[in-house]
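To be precise, the following lines are model-v2.csv, and they hold CSV, C-alpha atoms and all ligand atoms.
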chain,number,residue,atom,x,y,z
A,1,MET,CA,-1.7,4.7,36.7
A,2,THR,CA,-0.5,8.1,37.8
A,3,ALA,CA,3.2,9.0,37.1
A,4,PRO,CA,5.4,9.1,40.3
A,5,GLU,CA,6.4,12.6,41.6
A,6,PRO,CA,9.8,13.6,40.2
A,7,PRO,CA,12.6,13.5,42.9
A,8,VAL,CA,13.7,16.8,44.6
A,9,GLU,CA,16.7,18.1,42.7
A,10,SER,CA,19.2,20.9,43.1
A,11,ILE,CA,20.9,21.0,39.6
A,12,ARG,CA,22.6,24.2,38.7
A,13,LEU,CA,21.4,25.6,35.4
A,14,ARG,CA,23.4,28.4,33.7
A,15,PRO,CA,22.3,31.7,35.0
A,16,ALA,CA,22.3,33.0,31.4
A,17,LEU,CA,19.1,31.1,30.7
A,18,ASP,CA,17.2,33.4,33.0
A,19,ALA,CA,17.9,36.3,30.6
A,20,LEU,CA,16.9,34.4,27.4
A,21,PRO,CA,13.8,35.5,25.6
A,22,ALA,CA,11.5,32.7,24.5
A,23,TYR,CA,11.2,31.9,20.8
A,24,VAL,CA,7.5,32.6,19.9
A,25,ALA,CA,6.5,30.4,17.0
A,26,GLY,CA,3.7,31.6,14.7
A,27,ARG,CA,0.4,30.6,16.2
A,28,PRO,CA,-1.5,27.8,14.4
A,29,ALA,CA,-5.0,28.4,13.1
A,30,PRO,CA,-7.5,27.5,15.8
A,31,THR,CA,-9.4,24.3,15.3
A,32,GLY,CA,-13.2,24.3,15.2
A,33,GLY,CA,-15.4,27.3,14.2
A,34,PRO,CA,-15.0,29.1,10.9
A,35,ARG,CA,-11.9,28.4,8.8
A,36,ARG,CA,-8.9,30.6,9.7
A,37,TRP,CA,-5.7,30.9,7.6
A,38,LYS,CA,-2.4,30.6,9.4
A,39,ILE,CA,-0.2,33.3,7.9
A,40,SER,CA,2.0,33.7,11.0
A,41,SER,CA,5.2,31.8,10.2
A,42,ASN,CA,6.4,32.9,6.7
A,43,GLU,CA,5.8,29.4,5.3
A,44,SER,CA,5.3,28.6,1.7
A,45,PRO,CA,1.7,28.1,0.7
A,46,PHE,CA,2.8,25.4,-1.7
A,47,PRO,CA,3.3,21.8,-0.4
A,48,PRO,CA,6.4,20.0,-1.5
A,49,LEU,CA,6.4,19.0,-5.2
A,50,PRO,CA,5.8,15.3,-6.1
A,51,GLU,CA,9.5,14.7,-6.9
A,52,VAL,CA,10.4,16.1,-3.5
A,53,ARG,CA,7.9,13.9,-1.7
A,54,GLU,CA,9.1,10.9,-3.6
A,55,ALA,CA,12.7,11.6,-2.6
A,56,VAL,CA,11.6,11.7,1.0
A,57,ARG,CA,9.7,8.5,0.7
A,58,GLU,CA,12.7,6.8,-0.7
A,59,ALA,CA,14.9,8.1,2.1
A,60,VAL,CA,12.5,6.8,4.7
A,61,GLU,CA,12.9,3.3,3.3
A,62,ASN,CA,16.5,3.5,4.7
A,63,GLY,CA,15.4,5.1,7.9
A,64,HIS,CA,17.2,2.5,10.0
A,65,ARG,CA,20.5,3.9,8.6
A,66,TYR,CA,22.2,7.1,9.7
A,67,PRO,CA,22.3,9.8,7.0
A,68,ASP,CA,25.4,10.7,5.1
A,69,MET,CA,27.1,12.7,7.9
A,70,GLY,CA,28.9,14.9,5.3
A,71,SER,CA,25.8,15.5,3.2
A,72,ALA,CA,28.1,15.0,0.2
A,73,ALA,CA,25.5,14.9,-2.6
A,74,LEU,CA,23.6,17.8,-1.2
A,75,ARG,CA,26.8,19.9,-0.7
A,76,GLU,CA,27.9,19.2,-4.2
A,77,ALA,CA,24.6,20.4,-5.6
A,78,ILE,CA,24.6,23.5,-3.5
A,79,ALA,CA,28.3,24.2,-4.3
A,80,ALA,CA,27.6,23.9,-8.0
A,81,ASP,CA,24.7,26.5,-7.6
A,82,HIS,CA,27.1,28.9,-5.8
A,83,GLY,CA,30.2,28.2,-8.0
A,84,VAL,CA,32.3,27.3,-5.0
A,85,ASP,CA,34.1,24.1,-3.7
A,86,PRO,CA,31.7,21.7,-1.8
A,87,SER,CA,34.0,21.9,1.3
A,88,ARG,CA,32.8,25.5,1.7
A,89,ILE,CA,29.1,24.4,2.1
A,90,CYS,CA,28.1,23.8,5.7
A,91,PRO,CA,24.6,22.3,6.1
A,92,SER,CA,22.7,21.6,9.2
A,93,THR,CA,19.2,21.4,10.7
A,94,GLY,CA,17.9,24.6,9.3
A,95,ALA,CA,19.6,28.0,8.9
A,96,VAL,CA,18.9,28.6,12.6
A,97,ALA,CA,21.2,25.7,13.5
A,98,VAL,CA,23.8,27.0,11.2
A,99,THR,CA,23.7,30.4,12.8
A,100,GLY,CA,24.2,28.6,16.1
A,101,ASP,CA,27.2,26.8,14.6
A,102,LEU,CA,28.6,30.2,13.6
A,103,ILE,CA,28.3,31.5,17.1
A,104,ARG,CA,29.9,28.3,18.6
A,105,ALA,CA,32.8,28.7,16.1
A,106,LEU,CA,33.4,32.4,16.8
A,107,VAL,CA,32.1,33.5,20.1
A,108,SER,CA,33.8,32.9,23.5
A,109,GLU,CA,32.1,33.8,26.8
A,110,GLY,CA,31.4,37.5,26.8
A,111,ASP,CA,32.3,38.1,23.1
A,112,GLU,CA,29.8,40.3,21.3
A,113,VAL,CA,27.4,39.7,18.4
A,114,VAL,CA,25.9,42.7,16.7
A,115,TYR,CA,22.6,42.5,14.9
A,116,ALA,CA,19.7,44.8,14.0
A,117,TRP,CA,16.6,44.9,16.2
A,118,ARG,CA,13.9,44.1,15.4
A,119,SER,CA,15.1,41.2,13.3
A,120,PHE,CA,14.9,37.4,13.4
A,121,GLU,CA,14.0,36.5,16.9
A,122,ALA,CA,16.3,33.5,17.1
A,123,TYR,CA,19.4,35.8,17.2
A,124,PRO,CA,19.2,36.9,20.9
A,125,ILE,CA,18.4,33.3,21.9
A,126,LEU,CA,21.3,31.8,20.0
A,127,VAL,CA,23.8,34.4,21.1
A,128,GLY,CA,22.7,34.3,24.8
A,129,SER,CA,22.5,30.5,25.0
A,130,HIS,CA,26.1,30.2,23.6
A,131,GLY,CA,27.5,32.6,26.2
A,132,GLY,CA,27.8,35.6,23.9
A,133,ARG,CA,26.8,39.1,24.6
A,134,ALA,CA,24.0,40.3,22.3
A,135,VAL,CA,24.3,43.8,20.9
A,136,PRO,CA,21.0,44.7,19.3
A,137,VAL,CA,21.1,47.9,17.3
A,138,PRO,CA,17.7,49.6,16.8
A,139,LEU,CA,16.4,49.8,13.2
A,140,THR,CA,16.0,53.2,11.6
A,141,ALA,CA,12.7,55.1,11.6
A,142,GLY,CA,12.1,53.4,8.2
A,143,TYR,CA,12.5,49.9,9.8
A,144,GLU,CA,15.8,49.3,8.0
A,145,HIS,CA,19.2,48.3,9.4
A,146,ASP,CA,20.9,51.3,10.8
A,147,LEU,CA,24.3,50.4,9.3
A,148,GLU,CA,25.9,53.6,10.6
A,149,ALA,CA,25.0,52.7,14.2
A,150,MET,CA,25.8,49.1,13.6
A,151,ALA,CA,29.4,50.0,12.5
A,152,VAL,CA,29.8,52.1,15.6
A,153,ALA,CA,28.6,49.3,17.8
A,154,VAL,CA,31.5,47.0,16.7
A,155,THR,CA,34.1,46.9,19.4
A,156,GLU,CA,37.2,44.9,20.3
A,157,ARG,CA,34.9,42.2,21.7
A,158,THR,CA,32.8,41.8,18.5
A,159,ARG,CA,33.2,38.5,16.7
A,160,LEU,CA,30.2,38.4,14.5
A,161,VAL,CA,27.7,40.9,12.9
A,162,ILE,CA,24.5,39.5,11.4
A,163,LEU,CA,22.8,41.4,8.6
A,164,CYS,CA,19.3,40.0,7.8
A,165,THR,CA,18.4,40.9,4.2
A,166,PRO,CA,15.4,41.1,3.5
A,167,ASN,CA,14.9,41.8,7.2
A,168,ASN,CA,12.4,39.5,9.1
A,169,PRO,CA,9.9,40.8,10.2
A,170,THR,CA,10.0,44.3,8.7
A,171,GLY,CA,10.9,43.6,5.1
A,172,PRO,CA,13.5,46.1,3.8
A,173,SER,CA,16.6,44.7,2.2
A,174,LEU,CA,20.2,45.9,1.8
A,175,SER,CA,21.8,46.7,-1.6
A,176,THR,CA,25.3,45.6,-2.7
A,177,GLY,CA,26.5,49.1,-2.2
A,178,GLN,CA,25.2,49.3,1.4
A,179,ILE,CA,26.7,46.0,2.3
A,180,GLU,CA,30.1,47.0,0.7
A,181,ASP,CA,30.1,50.3,2.5
A,182,PHE,CA,29.4,48.6,5.8
A,183,LEU,CA,32.2,46.0,5.2
A,184,ALA,CA,34.6,48.8,4.6
A,185,ARG,CA,34.0,50.0,8.1
A,186,VAL,CA,34.2,46.7,9.9
A,187,PRO,CA,37.6,45.2,10.8
A,188,GLU,CA,38.5,42.2,8.6
A,189,HIS,CA,38.7,39.8,11.6
A,190,VAL,CA,35.0,40.4,12.4
A,191,VAL,CA,32.8,37.9,10.6
A,192,VAL,CA,29.8,39.5,8.8
A,193,ALA,CA,26.9,36.9,8.2
A,194,LEU,CA,24.4,37.8,5.5
A,195,ASP,CA,21.2,36.0,6.5
A,196,GLU,CA,19.4,35.6,3.2
A,197,ALA,CA,16.5,33.3,4.3
A,198,TYR,CA,14.1,35.2,2.0
A,199,ARG,CA,16.4,36.0,-0.9
A,200,GLU,CA,14.4,34.2,-3.5
A,201,PHE,CA,11.4,36.5,-2.9
A,202,HIS,CA,13.4,39.6,-3.6
A,203,ASP,CA,12.9,41.5,-6.9
A,204,PRO,CA,15.7,39.8,-8.9
A,205,ALA,CA,16.5,43.1,-10.7
A,206,THR,CA,17.7,44.7,-7.5
A,207,VAL,CA,18.8,41.9,-5.2
A,208,ALA,CA,22.3,42.3,-3.7
A,209,ASP,CA,25.1,40.4,-5.5
A,210,THR,CA,26.1,38.6,-2.3
A,211,GLY,CA,28.0,36.0,-4.3
A,212,ALA,CA,30.3,38.7,-5.5
A,213,ILE,CA,30.5,40.2,-2.0
A,214,LEU,CA,31.5,36.8,-0.6
A,215,ALA,CA,34.2,36.5,-3.3
A,216,ARG,CA,35.7,39.8,-2.4
A,217,HIS,CA,35.7,39.5,1.5
A,218,GLY,CA,37.4,36.8,3.6
A,219,ASN,CA,35.1,37.7,6.6
A,220,VAL,CA,31.7,37.3,4.8
A,221,VAL,CA,29.5,34.2,5.2
A,222,LEU,CA,26.1,33.6,3.6
A,223,LEU,CA,23.2,31.9,5.4
A,224,ARG,CA,20.5,30.2,3.4
A,225,THR,CA,17.6,27.9,4.0
A,226,PHE,CA,15.4,25.5,2.2
A,227,SER,CA,12.5,26.4,4.5
A,228,LYS,CA,11.0,29.3,2.6
A,229,MET,CA,11.1,29.3,-1.2
A,230,GLN,CA,11.9,25.6,-1.5
A,231,GLY,CA,9.0,25.0,1.0
A,232,ILE,CA,10.5,22.2,3.2
A,233,ALA,CA,10.4,24.1,6.5
A,234,GLY,CA,9.1,20.9,8.2
A,235,LEU,CA,12.1,18.9,7.1
A,236,ARG,CA,14.7,21.3,8.5
A,237,VAL,CA,17.7,22.0,6.3
A,238,GLY,CA,19.7,25.2,5.8
A,239,TYR,CA,23.4,25.9,5.1
A,240,ALA,CA,26.2,28.4,5.2
A,241,VAL,CA,28.6,29.3,2.3
A,242,ALA,CA,31.8,30.2,4.0
A,243,HIS,CA,35.5,30.7,3.3
A,244,PRO,CA,37.6,27.6,3.8
A,245,ARG,CA,38.9,28.2,7.4
A,246,LEU,CA,35.5,29.2,8.7
A,247,ALA,CA,33.9,26.4,6.8
A,248,ALA,CA,36.3,23.9,8.5
A,249,ALA,CA,35.4,25.4,11.9
A,250,LEU,CA,31.7,25.1,11.2
A,251,HIS,CA,32.2,21.4,10.2
A,252,GLN,CA,34.0,21.0,13.5
A,253,VAL,CA,31.3,22.4,15.7
A,254,THR,CA,28.1,21.3,13.9
A,255,LEU,CA,25.8,18.7,15.4
A,256,PRO,CA,26.8,15.3,13.9
A,257,PHE,CA,24.1,14.1,11.5
A,258,GLY,CA,22.3,17.4,11.8
A,259,ALA,CA,20.7,17.2,8.4
A,260,SER,CA,18.4,14.0,8.4
A,261,ALA,CA,18.4,11.7,5.4
A,262,PRO,CA,14.8,12.8,4.3
A,263,ALA,CA,15.9,16.4,4.7
A,264,GLN,CA,19.0,15.9,2.6
A,265,ALA,CA,17.0,14.0,-0.1
A,266,ALA,CA,14.3,16.6,-0.2
A,267,ALA,CA,16.7,19.5,-0.5
A,268,LEU,CA,18.7,17.6,-3.2
A,269,ALA,CA,15.5,17.0,-5.2
A,270,THR,CA,14.9,20.8,-5.3
A,271,PHE,CA,17.9,21.1,-7.6
A,272,ARG,CA,16.4,18.9,-10.3
A,273,PRO,CA,15.9,21.3,-13.2
A,274,GLU,CA,12.1,20.6,-13.6
A,275,VAL,CA,11.6,21.0,-9.8
A,276,ARG,CA,13.7,24.2,-9.7
A,277,ALA,CA,11.8,25.6,-12.6
A,278,ARG,CA,8.5,25.1,-10.8
A,279,LEU,CA,9.9,26.5,-7.5
A,280,ASP,CA,11.1,29.6,-9.4
A,281,GLU,CA,7.5,30.0,-10.8
A,282,GLN,CA,6.2,29.7,-7.2
A,283,ALA,CA,8.6,32.4,-6.0
A,284,ALA,CA,7.6,34.7,-8.8
A,285,TRP,CA,3.9,34.1,-7.9
A,286,VAL,CA,4.6,35.1,-4.3
A,287,ARG,CA,6.4,38.2,-5.5
A,288,GLY,CA,3.4,39.1,-7.6
A,289,GLU,CA,1.0,38.4,-4.8
A,290,ARG,CA,3.1,40.6,-2.5
A,291,GLU,CA,2.9,43.4,-5.0
A,292,ARG,CA,-0.9,43.0,-5.2
A,293,VAL,CA,-1.2,43.1,-1.4
A,294,GLN,CA,1.2,46.0,-1.0
A,295,ALA,CA,-0.6,48.0,-3.7
A,296,ALA,CA,-4.0,47.3,-2.2
A,297,LEU,CA,-2.8,48.3,1.3
A,298,ALA,CA,-1.2,51.5,-0.1
A,299,ALA,CA,-4.5,52.3,-1.8
A,300,GLN,CA,-6.3,51.8,1.6
A,301,GLY,CA,-3.9,54.4,3.1
A,302,TRP,CA,-1.4,52.2,4.8
A,303,GLN,CA,2.2,53.3,4.8
A,304,LEU,CA,4.2,50.1,5.4
A,305,PRO,CA,7.9,49.4,5.1
A,306,PRO,CA,8.7,48.2,1.6
A,307,SER,CA,9.1,44.4,2.0
A,308,GLN,CA,11.2,42.2,-0.2
A,309,GLY,CA,10.3,39.1,1.8
A,310,ASN,CA,7.2,36.8,1.6
A,311,PHE,CA,5.6,39.0,4.3
A,312,VAL,CA,4.5,42.5,5.1
A,313,TYR,CA,4.8,44.3,8.4
A,314,PHE,CA,2.3,46.6,10.1
A,315,PRO,CA,4.3,48.9,12.6
A,316,LEU,CA,1.3,49.6,14.8
A,317,GLY,CA,3.0,50.0,18.1
A,318,GLU,CA,0.6,49.9,21.0
A,319,ASP,CA,-2.3,48.9,18.7
A,320,SER,CA,-0.5,45.7,17.6
A,321,PRO,CA,-2.3,43.3,19.9
A,322,ALA,CA,-5.7,44.8,19.0
A,323,PHE,CA,-4.9,44.5,15.2
A,324,LEU,CA,-3.8,40.9,15.7
A,325,ALA,CA,-7.2,40.1,17.4
A,326,HIS,CA,-9.1,42.1,14.7
A,327,ALA,CA,-7.3,40.1,11.9
A,328,GLU,CA,-8.2,36.8,13.6
A,329,GLU,CA,-11.8,37.8,13.7
A,330,HIS,CA,-11.5,38.3,9.9
A,331,GLY,CA,-10.1,34.8,9.5
A,332,VAL,CA,-6.3,35.3,9.4
A,333,VAL,CA,-3.9,34.4,12.1
A,334,LEU,CA,-0.9,36.8,12.0
A,335,ARG,CA,2.3,37.0,14.0
A,336,GLY,CA,2.4,39.7,16.6
A,337,TYR,CA,5.6,41.3,18.1
A,338,GLY,CA,4.3,42.7,21.4
A,339,THR,CA,3.7,46.4,21.0
A,340,ASP,CA,6.1,46.8,18.1
A,341,GLY,CA,4.1,45.5,15.1
A,342,VAL,CA,2.4,42.7,13.3
A,343,ARG,CA,3.7,40.5,10.5
A,344,ALA,CA,1.5,38.9,7.8
A,345,THR,CA,2.9,36.2,5.5
A,346,ILE,CA,2.1,36.4,1.8
A,347,ALA,CA,0.6,33.0,1.1
A,348,GLU,CA,-2.7,31.8,-0.3
A,349,ALA,CA,-4.6,34.4,-2.2
A,350,GLU,CA,-7.7,33.7,-0.1
A,351,ALA,CA,-5.8,34.6,3.0
A,352,SER,CA,-4.4,37.8,1.4
A,353,ASP,CA,-8.0,38.8,0.5
A,354,LEU,CA,-9.1,38.3,4.1
A,355,LEU,CA,-6.0,40.3,5.3
A,356,LEU,CA,-7.0,43.1,3.0
A,357,GLN,CA,-10.5,43.1,4.3
A,358,ALA,CA,-9.2,43.1,7.9
A,359,ALA,CA,-6.8,46.0,7.1
A,360,ALA,CA,-9.6,48.1,5.5
A,361,SER,CA,-12.1,47.6,8.3
A,362,TRP,CA,-9.4,48.4,10.8
A,363,LEU,CA,-8.9,51.8,9.2
A,364,ALA,CA,-12.6,52.3,9.0
A,365,ARG,CA,-13.4,51.4,12.6
A,401,LIG,C1,15.8,35.6,8.8
A,401,LIG,C2,15.7,34.1,9.1
A,401,LIG,N1,16.8,33.4,9.1
A,401,LIG,C3,16.7,32.1,9.3
A,401,LIG,C4,15.5,31.4,9.5
A,401,LIG,C5,15.4,30.0,9.8
A,401,LIG,O1,15.4,29.2,8.8
A,401,LIG,P1,15.4,27.6,9.0
A,401,LIG,O2,14.0,27.2,8.9
A,401,LIG,O3,16.3,27.1,7.9
A,401,LIG,O4,16.0,27.3,10.4
A,401,LIG,C6,14.3,32.2,9.5
A,401,LIG,C7,13.0,31.5,9.6
A,401,LIG,O5,12.0,32.1,9.9
A,401,LIG,C8,14.4,33.6,9.2
A,401,LIG,O6,13.3,34.4,9.3
Would you give me this structure, written as structure tokens?
Ligand SMILES: Cc1ncc(COP(=O)(O)O)c(C=O)c1O
Amino acid sequence: MTAPEPPVESIRLRPALDALPAYVAGRPAPTGGPRRWKISSNESPFPPLPEVREAVREAVENGHRYPDMGSAALREAIAADHGVDPSRICPSTGAVAVTGDLIRALVSEGDEVVYAWRSFEAYPILVGSHGGRAVPVPLTAGYEHDLEAMAVAVTERTRLVILCTPNNPTGPSLSTGQIEDFLARVPEHVVVALDEAYREFHDPATVADTGAILARHGNVVLLRTFSKMQGIAGLRVGYAVAHPRLAAALHQVTLPFGASAPAQAAALATFRPEVRARLDEQAAWVRGERERVQAALAAQGWQLPPSQGNFVYFPLGEDSPAFLAHAEEHGVVLRGYGTDGVRATIAEAEASDLLLQAAASWLAR
């Protein structure tokens, strides 16, 4: 039976939708033909640990029940990790949803949100779809946040600044001093969100002390995810650590039951000491693998931005689409950003080896 034609309709969509860029997810590896590795979405190469899978299985047994709307047990575990009161932890369906909550809590029609560009591609979509005005500030020639220009871009209408550290997709991170200097230039009523989705992959010796920054500034909020180092991207859970008044506002606007029961259970299981220890080992392995890839690329003659994430960025400009196709011929599916550059996730060692072969043959072509 064929489906009936839908009726003629004349609904009025928000004109703002016409201006929204589409979110481009990392392409999956094609099926059929020789094996290709998907290193296009900054995912963990490690599947969830057995304890995490078991927690999900148990949660599914009660799948006919709504989850704990307040995510109480998970918030307590996260709060203990950060040394703050659980009321200040605001989880939802991934950090991307929490970023949307922040915008809904802060931004009225026409208010401005400042962020670096290129950065996480969800920012312009989230800002535009909530009625805000996006103010993207170009990265420096070294693919870092241009904090000077970002401070200048803050106006009377700015409600939120997002700093992504390490920056997706380019890789450089911000130091404690850089963030503090920036905060000194931003009015205290403007919220500054530190998006630390990739924090666990940063060299621990030099990672910014964002906990201390949060403790010193009433306008700072941290954004974190369980999608990357904890490896449960498919289950969807992330959170903010906010000061009490902003946290209360985030609780007000967030999607009810945003964190599903399996997602809460999985995230909670990652705090079990034996699970945490193995996740820390996995993060250390990714850091080591990144260093191996960076050193090999440098030896080939590449000059890439210094990444502290689980990815490296090839700023190839006009050549980006051709490099993307070339890499795929060598067995690795990367993430292209138009004619800006190409990002490769640090994941399985076999995939990194193919990436290195592709990069070498690109230079030799
Ligand atoms: C900088 C940044 N923030 C947030 C996210 C989203 O995280 P989640 O999967 O928790 O929504 C990503 C995911 O790629 C990211 O790159």
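In this comparison, which uses all atoms listed in the file, the residue of A:Ile232, A:Leu246, A:Ala16, A:Ile11 approaching ligand LIG 401 (chain A) most closely is A:Ile232.
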Hey, what's within 6 Å of stretch 345-362 of chain A if we count all atoms listed in the file and toss same-chain stuff fewer than 6 positions away? As a PyMOL selection string, please? chain A and resi 37+39+42+45+310-311+327+330
Do you have, as a Markdown table, the list of residues of chain A lying at most 10 Å from ligand LIG 401 (chain A), each with its nearest atom pair and that distance in Å to one decimal, counting only C-alpha atoms and all ligand atoms and ordered by chain then number?
| residue | atom | partner | partner_atom | distance |
| --- | --- | --- | --- | --- |
| A:Ala25 | CA | A:LIG401 | O5 | 9.1 |
| A:Gly26 | CA | A:LIG401 | O5 | 9.6 |
| A:Ser41 | CA | A:LIG401 | O5 | 6.8 |
| A:Asn42 | CA | A:LIG401 | O5 | 6.5 |
| A:Glu43 | CA | A:LIG401 | O5 | 8.2 |
| A:Pro91 | CA | A:LIG401 | O3 | 9.8 |
| A:Ser92 | CA | A:LIG401 | O3 | 8.5 |
| A:Thr93 | CA | A:LIG401 | O4 | 6.7 |
| A:Gly94 | CA | A:LIG401 | O3 | 3.3 |
| A:Ala95 | CA | A:LIG401 | O3 | 3.6 |
| A:Val96 | CA | A:LIG401 | O4 | 3.9 |
| A:Ala97 | CA | A:LIG401 | O4 | 6.3 |
| A:Val98 | CA | A:LIG401 | O4 | 7.8 |
| A:Thr99 | CA | A:LIG401 | C3 | 8.0 |
| A:Ser119 | CA | A:LIG401 | C1 | 7.2 |
| A:Phe120 | CA | A:LIG401 | C1 | 5.0 |
| A:Glu121 | CA | A:LIG401 | O6 | 7.9 |
| A:Ala122 | CA | A:LIG401 | C4 | 7.9 |
| A:Tyr123 | CA | A:LIG401 | N1 | 8.8 |
| A:Ile162 | CA | A:LIG401 | C1 | 9.9 |
| A:Leu163 | CA | A:LIG401 | C1 | 9.1 |
| A:Cys164 | CA | A:LIG401 | C1 | 5.7 |
| A:Thr165 | CA | A:LIG401 | C1 | 7.5 |
| A:Pro166 | CA | A:LIG401 | C1 | 7.6 |
| A:Asn167 | CA | A:LIG401 | C1 | 6.5 |
| A:Asn168 | CA | A:LIG401 | C1 | 5.2 |
| A:Pro169 | CA | A:LIG401 | O6 | 7.3 |
| A:Leu194 | CA | A:LIG401 | C1 | 9.5 |
| A:Asp195 | CA | A:LIG401 | N1 | 5.7 |
| A:Glu196 | CA | A:LIG401 | C1 | 6.7 |
| A:Ala197 | CA | A:LIG401 | N1 | 4.8 |
| A:Tyr198 | CA | A:LIG401 | C1 | 7.0 |
| A:Arg199 | CA | A:LIG401 | C1 | 9.7 |
| A:Leu223 | CA | A:LIG401 | N1 | 7.5 |
| A:Arg224 | CA | A:LIG401 | O3 | 6.9 |
| A:Thr225 | CA | A:LIG401 | O3 | 4.2 |
| A:Phe226 | CA | A:LIG401 | O3 | 6.0 |
| A:Ser227 | CA | A:LIG401 | O2 | 4.7 |
| A:Lys228 | CA | A:LIG401 | O2 | 7.3 |
| A:Gly231 | CA | A:LIG401 | O2 | 9.6 |
| A:Ile232 | CA | A:LIG401 | O2 | 8.4 |
| A:Ala233 | CA | A:LIG401 | O2 | 5.3 |
| A:Gly234 | CA | A:LIG401 | O2 | 8.0 |
| A:Leu235 | CA | A:LIG401 | O2 | 8.7 |
| A:Arg236 | CA | A:LIG401 | O2 | 6.0 |
| A:Val237 | CA | A:LIG401 | O3 | 5.5 |
| A:Gly238 | CA | A:LIG401 | O3 | 4.4 |
| A:Tyr239 | CA | A:LIG401 | O3 | 7.7 |
| A:Gly309 | CA | A:LIG401 | O6 | 9.3 |
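Here atom CA of A:Glu274 is placed at a distance of 21.3 Å from atom CA of A:Gly288.
Nearest to A:Arg35 of all the residues A:Pro187, A:Gly331, A:Gly131, A:Pro273 is A:Gly331, counting all atoms listed in the file.
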Report as a PyMOL selection string all protein, DNA and RNA residues lying within 12 Å of A:Ile179, evaluated on all atoms listed in the file, omitting residues in the same chain fewer than 4 positions from it. chain A and resi 145-148+150-151+161-165+173-175+183-186+192-194+207-210+212-214+216-217+220
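With distances taken over all atoms listed in the file, A:Ala261 is the one residue among A:Val114, A:Leu363, A:Ala261, A:Pro30 lying closest to A:Arg65.
Interatomic distance, atom CA of A:Ala80 to atom CA of A:Val241: 11.7 Å.
The spacing separating atom CA of A:Asp101 from atom CA of A:Val127 amounts to 10.6 Å.
With only C-alpha atoms as the basis for measurement, A:Gly218 is the residue among A:Gly218, A:Gly110, A:Pro4, A:Gly336 that approaches A:Glu188 most closely.
The closest residue to A:Trp117, picked from A:Ala215, A:Ala269, A:Ala105, A:Ala141 and counting all atoms listed in the file, is A:Ala141.
Counting all atoms listed in the file, the residue from A:Val253, A:Ala266, A:Leu304, A:Val8 that sits nearest to A:Glu58 is A:Ala266.
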Contacts of A:Phe314 at 12 Å or less, counting all atoms listed in the file, minus same-chain residues fewer than 5 places along, as a count of residues only? 33
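Using all atoms listed in the file, the contacts of A:Leu279 at a cut-off of 9 Å, with sequence neighbours closer than 2 positions omitted, comprise Leu49, Met229, Gln230, Gly231, Thr270, Glu274, Val275, Arg276, Ala277, Glu281, Gln282, Ala283 and Ala284 of chain A.
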